[in-house]
Each structure stands twice: as structure tokens, then as C-alpha cells.
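query_27.cif (mmCIF, C-alpha atoms)
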```cif
data_target
loop_
_atom_site.label_atom_id
_atom_site.label_comp_id
_atom_site.auth_asym_id
_atom_site.auth_seq_id
_atom_site.Cartn_x
_atom_site.Cartn_y
_atom_site.Cartn_z
CA MET W 1 91.06 -51.68 3.21
CA ALA W 2 90.27 -50.99 -0.43
CA ASP W 3 90.19 -53.94 -2.77
CA GLU W 4 91.10 -51.80 -5.82
CA PHE W 5 94.15 -49.56 -5.99
CA SER W 6 94.74 -46.89 -8.63
CA PHE W 7 96.84 -44.00 -9.83
CA ASP W 8 96.58 -41.38 -12.56
CA VAL W 9 99.10 -40.77 -15.32
CA VAL W 10 99.19 -37.07 -16.23
CA SER W 11 101.41 -34.69 -18.17
CA LYS W 12 101.33 -31.29 -16.47
CA LEU W 13 103.71 -28.38 -16.15
CA ASP W 14 104.24 -26.06 -13.24
CA LEU W 15 103.59 -22.82 -15.14
CA GLN W 16 105.01 -20.70 -12.33
CA GLU W 17 108.32 -22.53 -12.63
CA VAL W 18 108.29 -21.98 -16.41
CA GLU W 19 107.73 -18.26 -15.83
CA ASN W 20 110.58 -18.17 -13.29
CA ALA W 21 112.91 -19.95 -15.75
CA VAL W 22 112.00 -17.45 -18.50
CA ASN W 23 112.70 -14.51 -16.17
CA GLN W 24 116.07 -16.00 -15.16
CA ALA W 25 117.00 -16.63 -18.81
CA ASN W 26 116.14 -13.04 -19.76
CA LYS W 27 118.20 -11.70 -16.83
CA GLU W 28 121.17 -13.82 -17.85
CA MET W 29 120.97 -12.58 -21.45
CA ILE W 30 120.97 -8.97 -20.25
CA THR W 31 124.17 -9.48 -18.23
CA ARG W 32 126.13 -11.67 -20.67
CA PHE W 33 128.84 -9.97 -22.73
CA ASP W 34 128.09 -11.93 -25.93
CA PHE W 35 124.50 -10.58 -25.89
CA LYS W 36 125.47 -6.88 -25.50
CA GLY W 37 123.44 -4.81 -27.97
CA SER W 38 121.41 -7.85 -28.98
CA VAL W 39 117.63 -8.07 -29.22
CA SER W 40 117.72 -11.59 -27.76
CA ARG W 41 114.88 -12.31 -25.36
CA VAL W 42 112.24 -14.88 -24.44
CA ASP W 43 108.55 -13.92 -24.28
CA TRP W 44 106.09 -16.06 -22.30
CA ASP W 45 102.38 -16.20 -23.16
CA LYS W 46 100.87 -17.90 -20.12
CA LYS W 47 97.34 -18.20 -21.56
CA GLU W 48 98.46 -20.17 -24.61
CA SER W 49 101.44 -21.87 -22.86
CA LYS W 50 103.72 -20.62 -25.61
CA LEU W 51 107.24 -19.22 -25.58
CA THR W 52 108.60 -16.97 -28.32
CA LEU W 53 112.36 -16.70 -28.67
CA PHE W 54 113.85 -13.64 -30.40
CA SER W 55 117.46 -13.09 -31.47
CA ASP W 56 119.73 -11.38 -34.02
CA ASP W 57 120.55 -14.51 -35.99
CA GLU W 58 120.20 -18.28 -35.83
CA TYR W 59 123.58 -18.70 -34.10
CA LYS W 60 122.53 -16.48 -31.19
CA LEU W 61 119.10 -18.13 -31.21
CA LYS W 62 120.81 -21.45 -30.45
CA SER W 63 122.51 -19.78 -27.46
CA VAL W 64 119.13 -18.45 -26.29
CA ILE W 65 117.70 -21.99 -26.53
CA ASP W 66 120.67 -23.39 -24.54
CA ILE W 67 120.20 -20.79 -21.79
CA LEU W 68 116.44 -21.40 -21.62
CA GLN W 69 116.82 -25.18 -21.54
CA GLY W 70 119.37 -24.93 -18.75
CA LYS W 71 117.06 -22.75 -16.65
CA LEU W 72 114.06 -25.03 -17.29
CA THR W 73 116.06 -28.12 -16.33
CA LYS W 74 117.26 -26.53 -13.08
CA ARG W 75 113.64 -25.73 -12.23
CA GLY W 76 112.50 -29.32 -12.78
CA ILE W 77 110.69 -28.80 -16.09
CA SER W 78 111.24 -31.68 -18.52
CA LEU W 79 112.56 -30.69 -21.94
CA LYS W 80 110.15 -33.23 -23.45
CA ALA W 81 107.43 -30.63 -22.82
CA LEU W 82 108.98 -28.29 -25.43
CA ASP W 83 107.64 -28.43 -28.99
CA PHE W 84 109.88 -26.26 -31.17
CA GLN W 85 108.39 -24.68 -34.29
CA ALA W 86 110.34 -23.53 -37.34
CA VAL W 87 112.66 -20.53 -37.17
CA GLU W 88 111.14 -17.60 -39.05
CA PRO W 89 112.43 -14.16 -40.01
CA ALA W 90 111.22 -11.24 -37.89
CA GLU W 91 111.45 -7.43 -38.06
CA ARG W 92 114.79 -5.70 -38.80
CA SER W 93 116.58 -8.84 -40.04
CA THR W 94 116.16 -10.74 -36.77
CA VAL W 95 114.77 -14.23 -36.24
CA ARG W 96 112.15 -15.71 -33.94
CA GLN W 97 111.07 -19.19 -32.98
CA GLY W 98 107.89 -20.34 -31.28
CA VAL W 99 107.98 -23.04 -28.63
CA GLN W 100 104.69 -24.64 -27.60
CA MET W 101 104.60 -26.12 -24.10
CA LYS W 102 102.89 -29.53 -24.20
CA GLN W 103 100.44 -30.30 -21.42
CA GLY W 104 97.98 -33.14 -21.12
CA ILE W 105 98.05 -36.48 -22.87
CA VAL W 106 96.45 -36.31 -26.33
CA SER W 107 94.15 -39.20 -27.23
CA GLU W 108 96.52 -40.82 -29.78
CA LYS W 109 99.35 -40.84 -27.23
CA ALA W 110 96.98 -42.13 -24.52
CA LYS W 111 95.90 -44.99 -26.78
CA GLU W 112 99.57 -45.81 -27.46
CA ILE W 113 100.31 -45.93 -23.71
CA VAL W 114 97.25 -48.11 -22.99
CA LYS W 115 98.25 -50.47 -25.81
CA ALA W 116 101.80 -50.73 -24.41
CA ILE W 117 100.42 -51.57 -20.96
CA LYS W 118 98.12 -54.25 -22.40
CA ASP W 119 100.91 -55.70 -24.57
CA ALA W 120 103.11 -56.03 -21.48
CA LYS W 121 100.42 -58.30 -19.95
CA PHE W 122 100.14 -56.43 -16.65
CA LYS W 123 97.13 -57.40 -14.54
CA VAL W 124 95.72 -53.86 -14.57
CA GLN W 125 92.90 -51.93 -16.19
CA ALA W 126 93.84 -48.74 -18.02
CA SER W 127 91.20 -46.17 -18.93
CA ILE W 128 91.47 -42.83 -20.70
CA GLN W 129 89.83 -39.97 -18.81
CA GLY W 130 90.14 -36.78 -20.80
CA GLU W 131 93.80 -35.78 -20.88
CA GLN W 132 94.92 -38.33 -18.29
CA LEU W 133 94.96 -42.10 -17.75
CA ARG W 134 93.66 -44.02 -14.75
CA ILE W 135 95.37 -47.32 -13.98
CA THR W 136 93.60 -49.66 -11.54
CA SER W 137 94.54 -53.05 -10.12
CA LYS W 138 93.98 -55.30 -7.13
CA SER W 139 97.74 -55.44 -6.52
CA LYS W 140 99.94 -52.50 -5.50
CA ASP W 141 102.92 -54.40 -6.85
CA GLU W 142 101.38 -54.50 -10.33
CA LEU W 143 100.83 -50.74 -10.18
CA GLN W 144 104.49 -50.26 -9.20
CA ASN W 145 105.54 -52.43 -12.15
CA VAL W 146 103.40 -50.34 -14.53
CA MET W 147 104.97 -47.14 -13.17
CA ALA W 148 108.45 -48.56 -13.71
CA ALA W 149 107.57 -49.60 -17.27
CA LEU W 150 106.14 -46.16 -18.08
CA ARG W 151 109.22 -44.42 -16.65
CA ALA W 152 111.49 -46.62 -18.76
CA ALA W 153 109.59 -46.01 -22.02
CA ASP W 154 109.84 -42.74 -23.95
CA TYR W 155 106.50 -41.38 -25.16
CA GLY W 156 107.80 -37.93 -26.07
CA LEU W 157 106.15 -36.15 -23.16
CA PRO W 158 106.83 -35.83 -19.46
CA LEU W 159 104.69 -38.22 -17.39
CA GLN W 160 103.81 -37.77 -13.73
CA PHE W 161 101.97 -40.17 -11.45
CA THR W 162 99.34 -38.64 -9.18
CA ASN W 163 96.40 -39.66 -7.03
CA TYR W 164 98.02 -42.92 -5.87
CA ARG W 165 95.44 -44.80 -3.78
#
```
Representation of the structure as C-alpha cells:
Amino acid sequence: MADEFSFDVVSKLDLQEVENAVNQANKEMITRFDFKGSVSRVDWDKKESKLTLFSDDEYKLKSVIDILQGKLTKRGISLKALDFQAVEPAERSTVRQGVQMKQGIVSEKAKEIVKAIKDAKFKVQASIQGEQLRITSKSKDELQNVMAALRAADYGLPLQFTNYR
């Protein structure tokens, strides 16, 4: 039996599910009556993990965002992973908005999570390993308590727990 137990805290997206949600949102916009004759659509750049939303005006853009968020939620993608940029004018008096998909835990956020774990006085060691955290302890119960504390706190990004040993 191992004397040290551990798990990793990561922030990853299932990019295939994001692509499926985008396709479903585009199909819904094609069939909806209020989008007839509209240029509304969602483009997905898989390499950069970026969505671009296009619409006739800001009112319809809000509807596009609602449709997209609904499809992402149904597919299990957390809305915390969406980083909306400013709405900007596009060609032929339309508007567009970029949405960056956040993946990985940036170092400032990782330091904030480690500090929160240490401030809570858990008997664990937290280390930053690239874009993820490794939490180790001699007690499985302590690891469960850390998981519960991280689930309860809001760090502005979706957290998953992997590699539980």
C-alpha cells in the first residue's frame, strides 16, 4: 500500500464536445424563425480554442450567446471556461464577438489556489506542475476535504480532479 496519496487539479475542455455544441447551435439558428435572413453564426477555431460569434446587431448577438451557452451546458462544458471579449463592428453593419476558451491553470491562479489550501490548514502538500496542481497527502480523507473545498470555492475557471492515487 502506498504511504502517499495524490491527485491532480486541472482545467481542461473536451474540444470535441465544444465543436458538437457549436454545430448544434448553428443548426438551431438556421431553423429558428427569428434568425431567418440573419447572418448569425458561430465559428470555431480549434487550434486557438477560440469562438467567434457573428450577428446582425447586439440584440441578436445576445440570443446567439444564449443558444451557445445552452448547448455548451447540455454537453457538460462549464461556462466558466468562456472568456468574452468586447463586441466589435464587422462588415456590412453587423457585429462580432470573440470568445476565448480557457484551458489550463495560469500561474497566478495556481498560486492563489495553493495559498487558499495552505490558509485552510489542510495537512497536504500542493505543488504547481506547469498548468496543473498536484496535491499529495498521507491521508485520503484530507485529499477528499481539499477536493470539497476547491469545489466550493470559485476561482473563475472549471476545475477537474484527475489521477487520483
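Between atom CA of Ser49 of chain W and atom CA of Leu15 of chain W there is a distance of 8.1 Å.
Using all atoms listed in the file, the smallest distance between any of W:Ser127, W:Ser137, W:Gln144, W:Thr52 and Ala86 of chain W comes from W:Thr52.
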Neighbour list for segment 107-123 of chain W as a PDB file with C-alpha atoms, in the coordinates of the input, cut-off 8 Å, only C-alpha atoms, skip fewer than 3 positions in-chain:
```
ATOM      1  CA  ALA W 126      93.840 -48.740 -18.020  1.00  0.00           C
ATOM      2  CA  SER W 127      91.200 -46.170 -18.930  1.00  0.00           C
ATOM      3  CA  ILE W 128      91.470 -42.830 -20.700  1.00  0.00           C
ATOM      4  CA  GLY W 130      90.140 -36.780 -20.800  1.00  0.00           C
ATOM      5  CA  GLU W 131      93.800 -35.780 -20.880  1.00  0.00           C
ATOM      6  CA  GLN W 132      94.920 -38.330 -18.290  1.00  0.00           C
ATOM      7  CA  LEU W 133      94.960 -42.100 -17.750  1.00  0.00           C
ATOM      8  CA  SER W 137      94.540 -53.050 -10.120  1.00  0.00           C
ATOM      9  CA  GLU W 142     101.380 -54.500 -10.330  1.00  0.00           C
ATOM     10  CA  VAL W 146     103.400 -50.340 -14.530  1.00  0.00           C
ATOM     11  CA  TYR W 155     106.500 -41.380 -25.160  1.00  0.00           C
TER      12      TYR W 155
END
```
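Distance-wise, atom CA of Asp83 of chain W and atom CA of Gln100 of chain W end up 5.0 Å apart.
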message = At a cut-off of 10 Å, using only C-alpha atoms, what residues contact Val64 of chain W? Leave out same-chain residues fewer than 2 positions from it and give the result as an NGL selection string.
response = :W and (25-26 or 28-29 or 35 or 40-42 or 53-55 or 58-62 or 66-70)
Reconstruct all heavy atoms of segment 105-116 of chain W; output as a short mmCIF file (atom, residue, chain, number, x, y, z; two decimals), in the frame of the given file.
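Full text of selection-v4.cif as output:
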```cif
data_model
loop_
_atom_site.label_atom_id
_atom_site.label_comp_id
_atom_site.auth_asym_id
_atom_site.auth_seq_id
_atom_site.Cartn_x
_atom_site.Cartn_y
_atom_site.Cartn_z
N ILE W 105 97.74 -35.35 -22.01
CA ILE W 105 98.05 -36.48 -22.87
C ILE W 105 96.99 -36.53 -23.97
O ILE W 105 95.81 -36.75 -23.68
CB ILE W 105 98.06 -37.80 -22.07
CG1 ILE W 105 99.06 -37.72 -20.92
CG2 ILE W 105 98.38 -38.98 -22.97
CD1 ILE W 105 99.01 -38.90 -19.98
N VAL W 106 97.40 -36.28 -25.21
CA VAL W 106 96.45 -36.31 -26.33
C VAL W 106 95.97 -37.74 -26.54
O VAL W 106 96.64 -38.71 -26.17
CB VAL W 106 97.08 -35.74 -27.62
CG1 VAL W 106 97.32 -34.25 -27.49
CG2 VAL W 106 98.33 -36.45 -28.00
N SER W 107 94.79 -37.89 -27.15
CA SER W 107 94.15 -39.20 -27.23
C SER W 107 94.99 -40.24 -27.98
O SER W 107 95.02 -41.41 -27.58
CB SER W 107 92.77 -39.08 -27.86
OG SER W 107 92.87 -38.60 -29.17
N GLU W 108 95.70 -39.84 -29.05
CA GLU W 108 96.52 -40.82 -29.78
C GLU W 108 97.64 -41.35 -28.88
O GLU W 108 97.93 -42.54 -28.87
CB GLU W 108 97.14 -40.19 -31.03
CG GLU W 108 96.16 -39.75 -32.09
CD GLU W 108 95.60 -38.36 -31.82
OE1 GLU W 108 96.31 -37.51 -31.25
OE2 GLU W 108 94.43 -38.13 -32.16
N LYS W 109 98.26 -40.45 -28.13
CA LYS W 109 99.35 -40.84 -27.23
C LYS W 109 98.80 -41.70 -26.09
O LYS W 109 99.42 -42.67 -25.68
CB LYS W 109 100.04 -39.59 -26.69
CG LYS W 109 101.39 -39.83 -26.10
CD LYS W 109 102.41 -40.39 -27.05
CE LYS W 109 102.99 -39.35 -27.97
NZ LYS W 109 104.11 -39.86 -28.76
N ALA W 110 97.61 -41.35 -25.59
CA ALA W 110 96.98 -42.13 -24.52
C ALA W 110 96.68 -43.55 -25.00
O ALA W 110 96.92 -44.52 -24.28
CB ALA W 110 95.71 -41.44 -24.05
N LYS W 111 96.18 -43.67 -26.22
CA LYS W 111 95.90 -44.99 -26.78
C LYS W 111 97.18 -45.81 -26.93
O LYS W 111 97.21 -47.01 -26.68
CB LYS W 111 95.20 -44.85 -28.13
CG LYS W 111 93.77 -44.37 -28.02
CD LYS W 111 93.15 -44.15 -29.37
CE LYS W 111 91.77 -43.54 -29.23
NZ LYS W 111 91.19 -43.16 -30.52
N GLU W 112 98.27 -45.13 -27.32
CA GLU W 112 99.57 -45.81 -27.46
C GLU W 112 100.06 -46.33 -26.10
O GLU W 112 100.56 -47.45 -26.00
CB GLU W 112 100.58 -44.82 -28.05
CG GLU W 112 101.97 -45.37 -28.22
CD GLU W 112 102.95 -44.30 -28.70
OE1 GLU W 112 102.53 -43.32 -29.33
OE2 GLU W 112 104.15 -44.48 -28.41
N ILE W 113 99.88 -45.51 -25.04
CA ILE W 113 100.31 -45.93 -23.71
C ILE W 113 99.47 -47.10 -23.21
O ILE W 113 99.99 -48.07 -22.67
CB ILE W 113 100.24 -44.73 -22.74
CG1 ILE W 113 101.27 -43.67 -23.14
CG2 ILE W 113 100.48 -45.18 -21.30
CD1 ILE W 113 101.13 -42.35 -22.40
N VAL W 114 98.14 -47.02 -23.41
CA VAL W 114 97.25 -48.11 -22.99
C VAL W 114 97.61 -49.40 -23.72
O VAL W 114 97.68 -50.47 -23.12
CB VAL W 114 95.77 -47.73 -23.22
CG1 VAL W 114 94.86 -48.93 -23.05
CG2 VAL W 114 95.35 -46.62 -22.28
N LYS W 115 97.89 -49.29 -25.03
CA LYS W 115 98.25 -50.47 -25.81
C LYS W 115 99.56 -51.08 -25.29
O LYS W 115 99.68 -52.30 -25.17
CB LYS W 115 98.40 -50.11 -27.29
CG LYS W 115 98.68 -51.29 -28.19
CD LYS W 115 98.76 -50.86 -29.64
CE LYS W 115 98.97 -51.99 -30.60
NZ LYS W 115 99.94 -53.00 -30.24
N ALA W 116 100.52 -50.24 -24.95
CA ALA W 116 101.80 -50.73 -24.41
C ALA W 116 101.59 -51.45 -23.09
O ALA W 116 102.22 -52.49 -22.83
CB ALA W 116 102.78 -49.58 -24.24
#
```
